[in-house]
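A.B. asks: Below is the file start.tsv, which contains TSV, C-alpha atoms and all ligand atoms.
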chain	number	residue	atom	x	y	z
A	1355	MET	CA	121.44	44.90	132.51
A	1356	SER	CA	117.78	45.51	131.83
A	1357	ARG	CA	115.74	45.58	135.01
A	1358	LEU	CA	112.54	44.85	133.11
A	1359	LYS	CA	111.07	41.53	134.23
A	1360	THR	CA	109.92	39.76	131.10
A	1361	ILE	CA	107.90	37.10	132.91
A	1362	GLU	CA	107.31	36.41	136.56
A	1363	TRP	CA	105.24	34.00	138.64
A	1364	THR	CA	103.77	35.98	141.49
A	1365	ASN	CA	100.82	35.35	143.83
A	1366	GLY	CA	99.21	32.70	141.66
A	1367	ILE	CA	99.36	34.64	138.41
A	1368	VAL	CA	101.88	35.17	135.61
A	1369	ARG	CA	102.99	38.78	135.19
A	1370	ILE	CA	104.42	39.74	131.82
A	1371	ILE	CA	105.35	42.94	130.06
A	1372	ASP	CA	102.95	43.49	127.19
A	1373	GLN	CA	105.58	43.67	124.46
A	1374	THR	CA	103.12	44.83	121.82
A	1375	LEU	CA	103.15	48.23	123.54
A	1376	LEU	CA	106.92	48.72	123.68
A	1377	PRO	CA	108.64	51.12	123.64
A	1378	ASP	CA	105.82	53.63	124.20
A	1379	GLN	CA	104.47	51.99	127.31
A	1380	ILE	CA	105.99	49.57	129.78
A	1381	LEU	CA	102.83	47.91	130.98
A	1382	TYR	CA	102.78	44.77	133.11
A	1383	ILE	CA	99.75	42.57	132.63
A	1384	ASP	CA	98.56	39.72	134.83
A	1385	ILE	CA	97.61	36.42	133.25
A	1386	ALA	CA	95.48	34.04	135.25
A	1387	THR	CA	94.14	31.59	132.67
A	1388	LEU	CA	95.45	29.32	129.94
A	1389	ASP	CA	93.25	31.06	127.38
A	1390	ARG	CA	94.76	34.44	128.15
A	1391	MET	CA	98.25	32.94	127.92
A	1392	TYR	CA	97.37	31.44	124.55
A	1393	GLU	CA	96.32	34.87	123.31
A	1394	ALA	CA	99.41	36.54	124.79
A	1395	ILE	CA	101.70	34.11	122.99
A	1396	GLN	CA	99.76	34.32	119.73
A	1397	VAL	CA	99.74	38.11	119.48
A	1398	LEU	CA	103.33	38.41	120.81
A	1399	ARG	CA	102.63	40.07	124.15
A	1400	VAL	CA	105.19	37.53	125.29
A	1401	ARG	CA	107.61	36.48	122.59
A	1402	GLY	CA	111.06	35.11	121.85
A	1403	ALA	CA	111.56	31.35	121.87
A	1404	PRO	CA	112.77	30.83	125.47
A	1405	ALA	CA	110.17	33.23	126.92
A	1406	ILE	CA	107.45	31.44	124.95
A	1407	GLY	CA	108.55	28.14	126.51
A	1408	ILE	CA	108.42	29.58	130.02
A	1409	ALA	CA	105.06	31.22	129.35
A	1410	ALA	CA	103.67	27.94	128.02
A	1411	ALA	CA	104.80	26.02	131.10
A	1412	PHE	CA	103.10	28.49	133.44
A	1413	GLY	CA	100.13	28.74	131.08
A	1414	LEU	CA	99.62	24.99	131.22
A	1415	TYR	CA	99.73	25.04	135.00
A	1416	LEU	CA	97.11	27.81	135.02
A	1417	GLY	CA	94.95	25.67	132.76
A	1418	VAL	CA	95.05	22.56	134.92
A	1419	LYS	CA	95.30	23.94	138.45
A	1420	ASP	CA	91.55	24.05	139.02
A	1421	PHE	CA	90.80	20.60	137.59
A	1422	ASP	CA	88.44	18.72	139.83
A	1423	ASP	CA	87.25	15.27	138.89
A	1424	GLY	CA	86.99	13.58	142.24
A	1425	GLY	CA	90.75	13.15	142.40
A	1426	ASP	CA	91.02	10.76	139.44
A	1427	ILE	CA	94.73	10.83	138.53
A	1428	ASN	CA	94.32	9.30	135.07
A	1429	ALA	CA	91.61	11.77	134.17
A	1430	TYR	CA	93.91	14.53	135.38
A	1431	LEU	CA	96.84	13.31	133.26
A	1432	ASP	CA	94.60	13.13	130.20
A	1433	TYR	CA	93.41	16.66	130.90
A	1434	VAL	CA	97.01	17.89	131.16
A	1435	ASP	CA	97.74	16.32	127.76
A	1436	GLU	CA	94.64	17.83	126.21
A	1437	ARG	CA	95.31	21.34	127.53
A	1438	ALA	CA	98.96	21.11	126.46
A	1439	GLY	CA	97.86	20.06	122.98
A	1440	TYR	CA	95.70	23.13	122.73
A	1441	LEU	CA	98.39	25.54	123.98
A	1442	ALA	CA	100.84	24.02	121.49
A	1443	THR	CA	98.81	25.49	118.65
A	1444	ALA	CA	99.51	29.08	119.71
A	1445	ARG	CA	102.58	29.45	117.43
A	1446	PRO	CA	104.31	26.85	115.25
A	1447	THR	CA	108.01	27.68	114.84
A	1448	ALA	CA	109.71	28.20	118.21
A	1449	VAL	CA	110.42	24.68	119.41
A	1450	ASN	CA	110.72	25.86	123.01
A	1451	LEU	CA	106.91	25.95	123.13
A	1452	PHE	CA	106.66	22.22	122.41
A	1453	TRP	CA	109.77	21.41	124.43
A	1454	ALA	CA	108.31	23.05	127.56
A	1455	LEU	CA	104.87	21.48	127.13
A	1456	ASP	CA	106.34	18.03	126.50
A	1457	ARG	CA	108.48	18.39	129.59
A	1458	MET	CA	105.46	19.34	131.71
A	1459	LYS	CA	103.42	16.41	130.37
A	1460	ARG	CA	106.30	13.99	130.92
A	1461	VAL	CA	106.90	15.18	134.46
A	1462	ALA	CA	103.22	14.77	135.29
A	1463	ARG	CA	103.13	11.18	134.03
A	1464	GLU	CA	106.49	10.17	135.48
A	1465	SER	CA	105.66	11.67	138.86
A	1466	ALA	CA	102.41	9.76	138.97
A	1467	VAL	CA	104.13	6.49	138.08
A	1468	ASN	CA	107.66	6.64	139.52
A	1469	ALA	CA	107.64	9.25	142.25
A	1470	GLY	CA	104.57	7.84	143.92
A	1471	ILE	CA	102.67	11.11	143.70
A	1472	ASN	CA	99.19	9.79	144.10
A	1473	THR	CA	96.94	12.77	144.56
A	1474	VAL	CA	95.84	15.32	141.99
A	1475	GLY	CA	96.73	18.09	144.45
A	1476	ALA	CA	100.33	16.88	144.75
A	1477	LEU	CA	100.62	16.56	140.96
A	1478	LYS	CA	99.44	20.13	140.53
A	1479	LYS	CA	102.16	21.27	142.93
A	1480	ARG	CA	104.71	19.24	141.00
A	1481	LEU	CA	103.70	20.96	137.74
A	1482	LEU	CA	104.05	24.41	139.24
A	1483	GLY	CA	107.48	23.43	140.52
A	1484	GLU	CA	108.47	22.28	137.03
A	1485	ALA	CA	107.33	25.54	135.42
A	1486	CYS	CA	109.40	27.48	137.98
A	1487	ALA	CA	112.37	25.18	137.25
A	1488	ILE	CA	112.07	25.85	133.50
A	1489	HIS	CA	112.14	29.58	134.26
A	1490	GLU	CA	115.14	29.35	136.58
A	1491	GLU	CA	117.09	27.08	134.24
A	1492	ASP	CA	116.57	29.51	131.40
A	1493	GLU	CA	118.07	32.28	133.47
A	1494	ARG	CA	121.16	30.16	134.13
A	1495	MET	CA	121.42	29.08	130.49
A	1496	CYS	CA	121.35	32.70	129.34
A	1497	ARG	CA	124.27	33.57	131.59
A	1498	ALA	CA	126.26	30.57	130.39
A	1499	ILE	CA	125.58	31.57	126.77
A	1500	GLY	CA	126.72	35.08	127.66
A	1501	GLU	CA	129.99	33.80	129.12
A	1502	ALA	CA	130.69	31.53	126.13
A	1503	GLY	CA	129.73	34.20	123.62
A	1504	PHE	CA	131.82	36.85	125.36
A	1505	GLU	CA	134.97	34.90	124.53
A	1506	LEU	CA	134.06	35.06	120.83
A	1507	ILE	CA	133.02	38.69	120.56
A	1508	LYS	CA	134.93	40.50	123.32
A	1509	ASP	CA	137.41	42.09	120.90
A	1510	LYS	CA	134.86	42.77	118.17
A	1511	GLY	CA	133.92	46.33	119.17
A	1512	CYS	CA	130.80	46.56	117.07
A	1513	ILE	CA	128.22	43.88	116.34
A	1514	LEU	CA	124.98	43.64	114.42
A	1515	THR	CA	121.88	41.79	115.61
A	1516	HIS	CA	118.46	41.09	114.16
A	1517	CYS	CA	115.09	40.97	115.94
A	1518	ASN	CA	115.25	40.69	119.73
A	1519	ALA	CA	117.08	37.85	121.42
A	1520	GLY	CA	117.74	39.74	124.62
A	1521	ALA	CA	116.41	39.80	128.15
A	1522	LEU	CA	112.92	40.54	126.86
A	1523	ALA	CA	112.92	37.28	124.89
A	1524	THR	CA	114.02	35.02	127.74
A	1525	GLY	CA	113.89	34.40	131.47
A	1526	GLY	CA	117.38	35.84	131.90
A	1527	MET	CA	119.82	38.15	130.13
A	1528	GLY	CA	118.98	36.89	126.66
A	1529	THR	CA	120.82	34.72	124.17
A	1530	ALA	CA	122.28	36.83	121.35
A	1531	LEU	CA	122.52	39.86	123.63
A	1532	ALA	CA	123.82	37.96	126.66
A	1533	PRO	CA	127.50	38.27	125.57
A	1534	VAL	CA	126.97	42.01	125.24
A	1535	TYR	CA	125.66	42.21	128.82
A	1536	VAL	CA	128.50	40.02	130.10
A	1537	ALA	CA	130.94	42.32	128.28
A	1538	LEU	CA	129.38	45.32	130.01
A	1539	GLU	CA	129.79	43.63	133.41
A	1540	ARG	CA	133.47	43.16	132.60
A	1541	GLY	CA	134.04	46.73	131.52
A	1542	VAL	CA	133.96	46.05	127.76
A	1543	THR	CA	131.45	48.20	125.94
A	1544	LEU	CA	130.35	46.78	122.62
A	1545	LYS	CA	128.45	48.94	120.18
A	1546	VAL	CA	125.37	47.30	118.68
A	1547	PHE	CA	123.62	47.89	115.38
A	1548	ALA	CA	120.02	46.64	115.64
A	1549	ASP	CA	118.08	45.87	112.48
A	1550	GLU	CA	114.60	47.31	112.97
A	1551	THR	CA	113.11	43.91	111.93
A	1552	ARG	CA	110.05	44.43	109.82
A	1553	PRO	CA	107.17	43.89	110.08
A	1554	LEU	CA	106.76	43.98	113.87
A	1555	LEU	CA	109.93	45.96	114.63
A	1556	GLN	CA	111.25	43.85	117.48
A	1557	GLY	CA	114.75	45.22	116.82
A	1558	ALA	CA	113.74	48.87	116.89
A	1559	ARG	CA	111.11	48.61	119.62
A	1560	ILE	CA	112.57	45.99	121.93
A	1561	THR	CA	116.31	45.42	121.35
A	1562	ALA	CA	116.96	49.16	121.19
A	1563	LEU	CA	114.91	49.67	124.35
A	1564	GLU	CA	116.62	47.08	126.50
A	1565	LEU	CA	120.14	47.96	125.31
A	1566	SER	CA	119.72	51.69	125.67
A	1567	GLU	CA	118.18	51.24	129.14
A	1568	ALA	CA	121.25	49.18	130.07
A	1569	GLY	CA	123.57	51.94	128.84
A	1570	ILE	CA	124.81	50.01	125.81
A	1571	PRO	CA	125.26	52.13	122.68
A	1572	VAL	CA	122.71	50.94	120.13
A	1573	THR	CA	122.00	52.24	116.64
A	1574	VAL	CA	118.84	51.20	114.84
A	1575	ILE	CA	118.94	50.70	111.09
A	1576	CYS	CA	116.21	49.67	108.67
A	1577	ASP	CA	116.64	46.08	107.55
A	1578	ASN	CA	117.61	47.14	104.05
A	1579	MET	CA	120.58	49.13	105.40
A	1580	ALA	CA	122.45	46.14	106.81
A	1581	ALA	CA	124.44	45.48	103.62
A	1582	SER	CA	125.71	49.01	103.27
A	1583	VAL	CA	126.58	49.22	106.97
A	1584	MET	CA	128.50	45.93	106.74
A	1585	ALA	CA	130.26	47.22	103.62
A	1586	THR	CA	131.68	50.13	105.66
A	1587	GLY	CA	133.71	47.63	107.70
A	1588	GLN	CA	132.42	48.72	111.11
A	1589	ILE	CA	130.54	45.49	111.89
A	1590	LYS	CA	132.98	42.91	113.27
A	1591	SER	CA	130.45	40.15	113.94
A	1592	CYS	CA	126.76	39.37	113.65
A	1593	ILE	CA	124.93	37.55	116.43
A	1594	VAL	CA	121.31	36.42	116.41
A	1595	GLY	CA	119.01	34.15	118.38
A	1596	ALA	CA	117.10	31.11	117.15
A	1597	ASP	CA	113.60	29.68	117.24
A	1598	ARG	CA	114.55	26.18	116.19
A	1599	ILE	CA	117.85	24.56	115.25
A	1600	ALA	CA	117.78	21.31	113.28
A	1601	ALA	CA	120.20	18.42	113.85
A	1602	ASN	CA	122.50	19.71	111.08
A	1603	GLY	CA	122.61	23.27	112.49
A	1604	ASP	CA	120.17	24.88	110.04
A	1605	THR	CA	118.56	27.63	112.07
A	1606	ALA	CA	115.12	29.20	111.97
A	1607	ASN	CA	115.02	32.73	113.32
A	1608	LYS	CA	113.11	35.93	112.64
A	1609	ILE	CA	112.47	36.67	108.98
A	1610	GLY	CA	115.45	38.52	107.56
A	1611	THR	CA	118.06	36.55	109.49
A	1612	TYR	CA	118.99	34.54	106.40
A	1613	GLY	CA	119.66	37.76	104.53
A	1614	VAL	CA	121.90	39.01	107.34
A	1615	ALA	CA	123.86	35.74	107.19
A	1616	LEU	CA	124.33	36.05	103.42
A	1617	ILE	CA	125.51	39.64	103.72
A	1618	ALA	CA	127.88	38.70	106.55
A	1619	ALA	CA	129.35	35.88	104.43
A	1620	ALA	CA	129.83	38.26	101.50
A	1621	HIS	CA	131.86	40.56	103.76
A	1622	ASN	CA	133.76	37.82	105.65
A	1623	ILE	CA	132.08	38.80	108.91
A	1624	PRO	CA	131.55	35.99	111.46
A	1625	PHE	CA	127.89	35.09	111.89
A	1626	TYR	CA	126.96	33.57	115.26
A	1627	VAL	CA	123.73	32.00	116.47
A	1628	ALA	CA	123.14	31.97	120.24
A	1629	ALA	CA	120.56	29.61	121.74
A	1630	PRO	CA	119.97	27.28	124.69
A	1631	SER	CA	119.75	23.52	124.22
A	1632	SER	CA	115.95	23.82	124.53
A	1633	THR	CA	115.95	25.46	121.07
A	1634	PHE	CA	117.47	22.43	119.30
A	1635	ASP	CA	115.17	19.98	117.58
A	1636	LEU	CA	117.29	16.91	117.00
A	1637	ALA	CA	114.27	15.03	115.70
A	1638	ILE	CA	114.49	16.89	112.41
A	1639	PRO	CA	117.52	16.42	110.15
A	1640	ASP	CA	117.58	19.86	108.54
A	1641	GLY	CA	115.86	23.21	108.19
A	1642	ALA	CA	113.48	22.07	105.45
A	1643	HIS	CA	111.49	20.33	108.20
A	1644	ILE	CA	110.98	23.45	110.32
A	1645	PRO	CA	107.39	24.73	110.16
A	1646	ILE	CA	107.44	28.43	109.33
A	1647	GLU	CA	104.72	30.59	110.82
A	1648	GLU	CA	102.80	32.78	108.40
A	1649	ARG	CA	101.11	35.73	110.02
A	1650	GLY	CA	98.30	38.01	108.95
A	1651	ARG	CA	98.18	40.53	106.15
A	1652	GLY	CA	97.65	43.46	108.53
A	1653	GLU	CA	101.17	43.26	109.96
A	1654	VAL	CA	102.55	44.18	106.53
A	1655	ALA	CA	99.69	46.07	104.94
A	1656	GLN	CA	98.95	48.42	107.83
A	1657	TRP	CA	101.37	50.70	109.58
A	1658	CYS	CA	102.37	49.39	113.02
A	1659	GLY	CA	98.98	48.16	114.17
A	1660	THR	CA	97.22	51.36	113.03
A	1661	GLU	CA	94.57	51.69	110.33
A	1662	LYS	CA	97.03	53.47	108.03
A	1663	LYS	CA	97.54	51.42	104.87
A	1664	THR	CA	101.00	50.67	103.54
A	1665	VAL	CA	99.79	48.33	100.76
A	1666	PRO	CA	96.88	48.84	98.37
A	1667	ASP	CA	93.90	46.57	98.96
A	1668	LYS	CA	94.23	44.82	95.60
A	1669	ALA	CA	97.85	43.74	96.21
A	1670	ALA	CA	98.58	40.42	97.87
A	1671	VAL	CA	100.81	40.16	100.94
A	1672	PHE	CA	103.08	37.31	102.03
A	1673	ASN	CA	104.12	37.42	105.66
A	1674	PRO	CA	106.36	34.54	106.78
A	1675	SER	CA	107.52	35.27	110.31
A	1676	PHE	CA	110.74	33.26	110.18
A	1677	ASP	CA	113.34	32.06	107.71
A	1678	VAL	CA	115.97	29.34	107.79
A	1679	THR	CA	119.68	30.11	107.67
A	1680	PRO	CA	121.63	27.14	106.27
A	1681	SER	CA	124.26	25.98	108.73
A	1682	LYS	CA	127.05	26.51	106.19
A	1683	LEU	CA	126.60	30.27	106.78
A	1684	ILE	CA	126.93	29.94	110.57
A	1685	THR	CA	130.38	30.45	112.10
A	1686	ALA	CA	129.42	28.95	115.47
A	1687	ILE	CA	126.35	28.17	117.56
A	1688	ILE	CA	126.77	29.46	121.09
A	1689	THR	CA	124.95	27.38	123.71
A	1690	GLU	CA	125.02	27.09	127.49
A	1691	LYS	CA	127.37	24.14	126.95
A	1692	GLY	CA	129.85	26.26	125.00
A	1693	ALA	CA	130.32	27.21	121.36
A	1694	ILE	CA	129.68	24.53	118.76
A	1695	PHE	CA	131.65	24.75	115.50
A	1696	PRO	CA	131.27	22.84	112.21
A	1697	PRO	CA	130.89	20.03	111.31
A	1698	TYR	CA	127.55	20.63	112.97
A	1699	THR	CA	125.74	17.31	112.76
A	1700	ALA	CA	128.45	15.49	114.68
A	1701	ASN	CA	129.36	18.35	117.01
A	1702	ILE	CA	125.78	19.24	117.94
A	1703	ALA	CA	124.99	15.63	118.75
A	1704	ALA	CA	128.15	15.37	120.85
A	1705	ALA	CA	127.57	18.65	122.70
A	1706	LEU	CA	123.93	18.04	123.49
A	1707	THR	CA	124.21	14.45	124.56
A	1708	ASP	CA	127.39	14.98	126.57
A	1709	GLU	CA	126.22	15.46	130.16
B	1801	LIG	O1	108.25	36.57	116.56
B	1801	LIG	P1	109.17	36.69	117.73
B	1801	LIG	O2	109.35	38.08	118.21
B	1801	LIG	O3	108.80	35.73	118.83
B	1801	LIG	O4	110.58	36.20	117.16
B	1801	LIG	C1	111.68	36.17	118.03
B	1801	LIG	C2	112.93	35.74	117.38
B	1801	LIG	O5	112.98	35.44	116.21
B	1801	LIG	C3	114.11	35.59	118.28
B	1801	LIG	O6	115.29	35.92	117.61
B	1801	LIG	C4	114.21	34.14	118.77
B	1801	LIG	O7	112.99	33.71	119.27
B	1801	LIG	C5	115.25	33.98	119.80
B	1801	LIG	S1	114.85	34.77	121.33
B	1801	LIG	C6	116.12	34.47	122.40
Here is the file; what I need is its structure written in the form of structure tokens.
Ligand code: MRU

C.D. replies:
Amino acid sequence: MSRLKTIEWTNGIVRIIDQTLLPDQILYIDIATLDRMYEAIQVLRVRGAPAIGIAAAFGLYLGVKDFDDGGDINAYLDYVDERAGYLATARPTAVNLFWALDRMKRVARESAVNAGINTVGALKKRLLGEACAIHEEDERMCRAIGEAGFELIKDKGCILTHCNAGALATGGMGTALAPVYVALERGVTLKVFADETRPLLQGARITALELSEAGIPVTVICDNMAASVMATGQIKSCIVGADRIAANGDTANKIGTYGVALIAAAHNIPFYVAAPSSTFDLAIPDGAHIPIEERGRGEVAQWCGTEKKTVPDKAAVFNPSFDVTPSKLITAIITEKGAIFPPYTANIAAALTDE
């Protein structure tokens, strides 16, 4: 298990690993303001849907902890809403960002009304407690996903993953990689092929780092090698994370995931999505409603954040950060409540509303 702490609340600040520097440097940075958290989310210093949600919750607290308006609770609640609205514009696709901010806003209002919290100071404390709870819950959800996923992949031997949905993307042991860590704990070593995941190389830089540090055999391939590796027969299942799952199971994840799902289907390889319930967006019926982030030209047209050009100036660049895998290509969605199988619309609704 990776001992890297993705995100931590310590002494009044949020400490994160700056993931833009991995794997060259493991540098922890301290974040003390909402504006710095906004920037960290936007440029992917902290990334991965669950980690973004946790970061947003702490970021909102940082943004409202020094509010002072003579103790006016209503002014404070409005300020919380306004700051949350701003932080919500950091990235558009991972629903965990909005889920966490909505939860923080709701808790603030409900505490003021129902729990009789009638000072701004007590409300601030309540918000910090909620951010910590979001973090702790995510850790538990990751383990539960790992246990449920282990049952599906324990005899698979060799799996393929895309992007990074591991410990460095969450507050715990990851989502897609959690079953691999649980397997390791139980003496089952699974071999992992990691797509490098152009353009920002989360697979090569981050998945390969955390797995190799944990002693799990990992082989990095360029994204365009996945088909030929699957054709060799060595990949027994694919498992990826998610940024947003619609009510019918359509799943947005890192760009290239859809291609992996198509290749897996062509080779009769099971394709699993692993995600906590905080990644479902039951308000949207299908994947066509998921907003897809488009990022800047430089990520594609320059080599790994350097000045070196990979695309001539006169050529256009299109850089969508996510794609949508239709649910018909997904064998199962592994959540903290267990694995959900088709038909997805009915089974997702049942699983997520069943307390
Ligand atoms: O752009 P990123 O690095 O934030 O994208 C991350 C992914 O696509 C992950 O697979 C997803 O967020 C799930 S993380 C458990």

A.B. asks: Hey, which residues come within 7 Å of ligand LIG 1801 (chain B) if we count all atoms listed in the file? Could you give them as a PDB file with C-alpha atoms, in the frame of the given file?

C.D. replies:
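As written to disk, out.pdb reads:
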ATOM      1  CA  LEU A1398     103.330  38.410 120.810  1.00  0.00           C
ATOM      2  CA  ARG A1401     107.610  36.480 122.590  1.00  0.00           C
ATOM      3  CA  GLY A1402     111.060  35.110 121.850  1.00  0.00           C
ATOM      4  CA  ALA A1403     111.560  31.350 121.870  1.00  0.00           C
ATOM      5  CA  PRO A1404     112.770  30.830 125.470  1.00  0.00           C
ATOM      6  CA  ALA A1448     109.710  28.200 118.210  1.00  0.00           C
ATOM      7  CA  HIS A1516     118.460  41.090 114.160  1.00  0.00           C
ATOM      8  CA  CYS A1517     115.090  40.970 115.940  1.00  0.00           C
ATOM      9  CA  ASN A1518     115.250  40.690 119.730  1.00  0.00           C
ATOM     10  CA  ALA A1519     117.080  37.850 121.420  1.00  0.00           C
ATOM     11  CA  GLY A1520     117.740  39.740 124.620  1.00  0.00           C
ATOM     12  CA  ALA A1523     112.920  37.280 124.890  1.00  0.00           C
ATOM     13  CA  THR A1524     114.020  35.020 127.740  1.00  0.00           C
ATOM     14  CA  GLY A1528     118.980  36.890 126.660  1.00  0.00           C
ATOM     15  CA  THR A1529     120.820  34.720 124.170  1.00  0.00           C
ATOM     16  CA  ALA A1530     122.280  36.830 121.350  1.00  0.00           C
ATOM     17  CA  GLN A1556     111.250  43.850 117.480  1.00  0.00           C
ATOM     18  CA  VAL A1594     121.310  36.420 116.410  1.00  0.00           C
ATOM     19  CA  GLY A1595     119.010  34.150 118.380  1.00  0.00           C
ATOM     20  CA  ALA A1596     117.100  31.110 117.150  1.00  0.00           C
ATOM     21  CA  ASP A1597     113.600  29.680 117.240  1.00  0.00           C
ATOM     22  CA  ASN A1607     115.020  32.730 113.320  1.00  0.00           C
ATOM     23  CA  LYS A1608     113.110  35.930 112.640  1.00  0.00           C
ATOM     24  CA  ALA A1629     120.560  29.610 121.740  1.00  0.00           C
ATOM     25  CA  SER A1675     107.520  35.270 110.310  1.00  0.00           C
ATOM     26  CA  PHE A1676     110.740  33.260 110.180  1.00  0.00           C
TER      27      PHE A1676
END

A.B. asks: Of the residues A:Thr1633, A:Tyr1612, A:Ile1575, A:Ala1628, which is the one nearest to Ile1499 (chain A), using all atoms listed in the file?

C.D. replies: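 Between A:Thr1633, A:Tyr1612, A:Ile1575, A:Ala1628, the residue approaching Ile1499 (chain A) most closely is A:Ala1628.
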
A.B. asks: Here is a test: counting only C-alpha atoms, which residue of A:Val1400, A:Leu1416, A:Val1467, A:Met1584 is nearest to Leu1431 (chain A)?

C.D. replies: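 Of all the options, A:Val1467 lies closest to Leu1431 (chain A).
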
A.B. asks: What's the separation between CA of Ala1600 (chain A) and CA of Asp1456 (chain A), in Å to one decimal place?

C.D. replies: 17.8 Å

A.B. asks: Applying 12 Å and all atoms listed in the file, which residues near region 1472-1475 of chain A remain after dropping the ones on its own chain fewer than 4 positions away? List them as a PDB file with C-alpha atoms, in the coordinates of the input.

C.D. replies:
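In the end it all went to out.pdb:
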ATOM      1  CA  VAL A1418      95.050  22.560 134.920  1.00  0.00           C
ATOM      2  CA  LYS A1419      95.300  23.940 138.450  1.00  0.00           C
ATOM      3  CA  ASP A1420      91.550  24.050 139.020  1.00  0.00           C
ATOM      4  CA  PHE A1421      90.800  20.600 137.590  1.00  0.00           C
ATOM      5  CA  ASP A1422      88.440  18.720 139.830  1.00  0.00           C
ATOM      6  CA  ASP A1423      87.250  15.270 138.890  1.00  0.00           C
ATOM      7  CA  GLY A1424      86.990  13.580 142.240  1.00  0.00           C
ATOM      8  CA  GLY A1425      90.750  13.150 142.400  1.00  0.00           C
ATOM      9  CA  ASP A1426      91.020  10.760 139.440  1.00  0.00           C
ATOM     10  CA  ILE A1427      94.730  10.830 138.530  1.00  0.00           C
ATOM     11  CA  ASN A1428      94.320   9.300 135.070  1.00  0.00           C
ATOM     12  CA  ALA A1429      91.610  11.770 134.170  1.00  0.00           C
ATOM     13  CA  TYR A1430      93.910  14.530 135.380  1.00  0.00           C
ATOM     14  CA  LEU A1431      96.840  13.310 133.260  1.00  0.00           C
ATOM     15  CA  TYR A1433      93.410  16.660 130.900  1.00  0.00           C
ATOM     16  CA  VAL A1434      97.010  17.890 131.160  1.00  0.00           C
ATOM     17  CA  ALA A1462     103.220  14.770 135.290  1.00  0.00           C
ATOM     18  CA  ARG A1463     103.130  11.180 134.030  1.00  0.00           C
ATOM     19  CA  GLU A1464     106.490  10.170 135.480  1.00  0.00           C
ATOM     20  CA  SER A1465     105.660  11.670 138.860  1.00  0.00           C
ATOM     21  CA  ALA A1466     102.410   9.760 138.970  1.00  0.00           C
ATOM     22  CA  VAL A1467     104.130   6.490 138.080  1.00  0.00           C
ATOM     23  CA  ASN A1468     107.660   6.640 139.520  1.00  0.00           C
ATOM     24  CA  LYS A1479     102.160  21.270 142.930  1.00  0.00           C
ATOM     25  CA  ARG A1480     104.710  19.240 141.000  1.00  0.00           C
ATOM     26  CA  LEU A1481     103.700  20.960 137.740  1.00  0.00           C
ATOM     27  CA  LEU A1482     104.050  24.410 139.240  1.00  0.00           C
TER      28      LEU A1482
END

A.B. asks: Using all atoms listed in the file - which residues lie no farther than 12 Å from the point (133.7, 32.9, 124.4) in the file's frame? Write them as a PDB file with C-alpha atoms, keeping the file's coordinate frame.

C.D. replies:
ATOM      1  CA  ARG A1497     124.270  33.570 131.590  1.00  0.00           C
ATOM      2  CA  ALA A1498     126.260  30.570 130.390  1.00  0.00           C
ATOM      3  CA  ILE A1499     125.580  31.570 126.770  1.00  0.00           C
ATOM      4  CA  GLY A1500     126.720  35.080 127.660  1.00  0.00           C
ATOM      5  CA  GLU A1501     129.990  33.800 129.120  1.00  0.00           C
ATOM      6  CA  ALA A1502     130.690  31.530 126.130  1.00  0.00           C
ATOM      7  CA  GLY A1503     129.730  34.200 123.620  1.00  0.00           C
ATOM      8  CA  PHE A1504     131.820  36.850 125.360  1.00  0.00           C
ATOM      9  CA  GLU A1505     134.970  34.900 124.530  1.00  0.00           C
ATOM     10  CA  LEU A1506     134.060  35.060 120.830  1.00  0.00           C
ATOM     11  CA  ILE A1507     133.020  38.690 120.560  1.00  0.00           C
ATOM     12  CA  LYS A1508     134.930  40.500 123.320  1.00  0.00           C
ATOM     13  CA  ASP A1509     137.410  42.090 120.900  1.00  0.00           C
ATOM     14  CA  LYS A1510     134.860  42.770 118.170  1.00  0.00           C
ATOM     15  CA  ALA A1532     123.820  37.960 126.660  1.00  0.00           C
ATOM     16  CA  PRO A1533     127.500  38.270 125.570  1.00  0.00           C
ATOM     17  CA  VAL A1534     126.970  42.010 125.240  1.00  0.00           C
ATOM     18  CA  VAL A1536     128.500  40.020 130.100  1.00  0.00           C
ATOM     19  CA  ALA A1537     130.940  42.320 128.280  1.00  0.00           C
ATOM     20  CA  TYR A1626     126.960  33.570 115.260  1.00  0.00           C
ATOM     21  CA  ALA A1628     123.140  31.970 120.240  1.00  0.00           C
ATOM     22  CA  ALA A1686     129.420  28.950 115.470  1.00  0.00           C
ATOM     23  CA  ILE A1687     126.350  28.170 117.560  1.00  0.00           C
ATOM     24  CA  ILE A1688     126.770  29.460 121.090  1.00  0.00           C
ATOM     25  CA  THR A1689     124.950  27.380 123.710  1.00  0.00           C
ATOM     26  CA  GLU A1690     125.020  27.090 127.490  1.00  0.00           C
ATOM     27  CA  LYS A1691     127.370  24.140 126.950  1.00  0.00           C
ATOM     28  CA  GLY A1692     129.850  26.260 125.000  1.00  0.00           C
ATOM     29  CA  ALA A1693     130.320  27.210 121.360  1.00  0.00           C
ATOM     30  CA  ILE A1694     129.680  24.530 118.760  1.00  0.00           C
TER      31      ILE A1694
END

A.B. asks: Between CA of Leu1522 (chain A) and CA of Ala1568 (chain A), what is the spacing in Å?

C.D. replies: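 Pair CA of Ala1568 (chain A) / CA of Leu1522 (chain A) returns 12.4 Å.
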
A.B. asks: With only C-alpha atoms as the atoms that count, which of A:Pro1697, A:Gly1525, A:Gly1541, A:Gly1470 lies nearest to Ala1601 (chain A)?

C.D. replies: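 Looking at the shortest contact to Ala1601 (chain A), the residue is A:Pro1697.
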
A.B. asks: Kindly provide, as AutoDock Vina command-line options, the centre and edge lengths (Å, one decimal) of an axis-aligned box around all atoms of region 1667-1678 of chain A given in the file, with 5 Å on each side.

C.D. replies:
--center_x 104.9 --center_y 38.0 --center_z 103.0 --size_x 32.1 --size_y 27.2 --size_z 24.7
